[in-house]
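A short worksheet on the structure shown next.
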Amino acid sequence: MKSRKEIKEEYREMKFPMGVFQVKNTSNNKVLIDNSIDMNSKWNRHKTELRFGNHKNHALQQDWNEKGEDNFVFEVLSELKQEDEKNINYASELRSLQQMIIEELNISTELRY
């Protein structure tokens, strides 16, 4: 049986899909563009907050309440490959990547949450 320390170390060594993604309202094409070092967990958090009605983005929450969950999709815009090197600041890299994607997509402010 593995020790608690070994289990923690294995978890720290795990690699999760990280990158930039969008939550898209398919009924009006509005998007929330976000990033995460663990996109699956972040998407689950967004969904949970929306389902419970306490998402921090009030416009997104209102549309979710009015349109329903079936009108929203999660789309990965860019995935960042995790390197074996330990001293990479992925949070900073992801923020830069997110900003670059927002500029490239040139989405008007009316279509962003």
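Going through the structure tokens in order, the chains are called A, B, and so on, while each chain numbers its residues from 1 and the ligands are numbered from 1 in the order shown.
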Can you pull out every residue within 10 Å of A:Asp63, counting only C-alpha atoms, but drop anything in the same chain fewer than 6 positions away, and send it as a compact mmCIF listing (two decimals) with N, CA and C atoms, in the first residue's frame?
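Listing of around_10.txt after writing:
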# COMPACT_ATOMS: atom_id res chain seq x y z
N ASN A 25 -22.46 30.44 -25.68
CA ASN A 25 -23.91 30.42 -25.71
C ASN A 25 -24.30 30.26 -27.18
N SER A 27 -27.14 30.10 -28.55
CA SER A 27 -28.34 30.81 -28.99
C SER A 27 -28.04 32.25 -29.42
N ASN A 28 -26.98 32.85 -28.87
CA ASN A 28 -26.66 34.23 -29.25
C ASN A 28 -25.16 34.43 -29.58
N LYS A 30 -22.59 34.50 -27.73
CA LYS A 30 -21.75 35.17 -26.74
C LYS A 30 -20.82 34.13 -26.11
N LEU A 50 -22.96 27.72 -12.35
CA LEU A 50 -24.11 28.08 -13.16
C LEU A 50 -25.35 27.29 -12.75
N GLU A 69 -29.12 25.04 -19.94
CA GLU A 69 -27.80 24.42 -20.09
C GLU A 69 -27.56 23.88 -21.50
N ASN A 71 -28.06 25.08 -24.26
CA ASN A 71 -27.64 26.12 -25.21
C ASN A 71 -26.21 26.59 -24.98
N PHE A 72 -25.44 25.86 -24.17
CA PHE A 72 -24.07 26.23 -23.87
C PHE A 72 -23.13 25.07 -24.16
Could you give me the residues within stretch 6-112 of chain A that DSSP places in helix (DSSP H, G or I), as a ChimeraX atom specification? /A:6-13,39-52,58-67,69-71,90-105,109-111
Neighbour list for A:Phe16 as a PyMOL selection string, cut-off 10 Å, only C-alpha atoms, skip fewer than 6 positions in-chain: chain A and resi 36-41+81-82
Filtering to C-alpha atoms, could you give me those residues as a PDB file, in the first residue's frame?
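Written out: result.pdb:
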ATOM      1  CA  SER A  36      -6.771  27.042 -16.654  1.00  0.00           C
ATOM      2  CA  ILE A  37      -3.937  24.723 -15.737  1.00  0.00           C
ATOM      3  CA  ASP A  38      -6.694  22.085 -15.405  1.00  0.00           C
ATOM      4  CA  MET A  39      -9.409  22.795 -17.969  1.00  0.00           C
ATOM      5  CA  ASN A  40     -11.629  19.879 -16.929  1.00  0.00           C
ATOM      6  CA  SER A  41     -11.824  21.068 -13.329  1.00  0.00           C
ATOM      7  CA  LYS A  81       1.617  21.212 -23.596  1.00  0.00           C
ATOM      8  CA  GLN A  82       3.086  20.702 -20.173  1.00  0.00           C
TER       9      GLN A  82
END
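The space separating atom CA of A:Asn89 from atom CA of A:Asn35 comes to 13.6 Å.
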Between atom CA of A:Tyr113 and atom CA of A:Lys47, what is the spacing in Å?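 Distance reported for this atom pair: 15.0 Å.
Using only C-alpha atoms, the smallest distance between any of A:Ile107, A:Met100, A:Ile33, A:Leu94 and A:Leu80 comes from A:Leu94.
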Residue nearest A:Leu60 among A:Ser78, A:Asn29, A:Ser108, A:Ser96 (counting only C-alpha atoms):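 Answer, going by the shortest atom-to-atom distance: A:Asn29.
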If I take atom CA of A:Asn106 and atom CA of A:Gly68, how far is one from the other in Å, to one decimal?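 If I compute the distance from atom CA of A:Asn106 to atom CA of A:Gly68, I get 26.6 Å.
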Please identify the strand (DSSP E) residues within chain A (assignment by DSSP from backbone atoms) and present them as JSON, numbers by chain. {"A": [18, 19, 20, 21, 22, 23, 24, 25, 31, 32, 33, 34, 35, 36, 72, 73, 74, 75, 76, 77, 78, 79, 80]}
Tell me which of A:Leu111, A:Ile102, A:Val73, A:Ile88 sits closest to A:Lys24, counting only C-alpha atoms.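 Of the candidates, the smallest distance to A:Lys24 is held by A:Val73.
Between A:Lys42 and the residues A:Glu10, A:Gln61, A:Lys2, A:Val76, the shortest atom-to-atom distance, using only C-alpha atoms, involves A:Val76.
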Under the rule that only C-alpha atoms are counted, which of A:Ala59, A:Val23, A:Asp84, A:Ser3 is the nearest residue to A:Arg45?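 When distances to A:Arg45 are compared using only C-alpha atoms, the smallest one comes from A:Val23.
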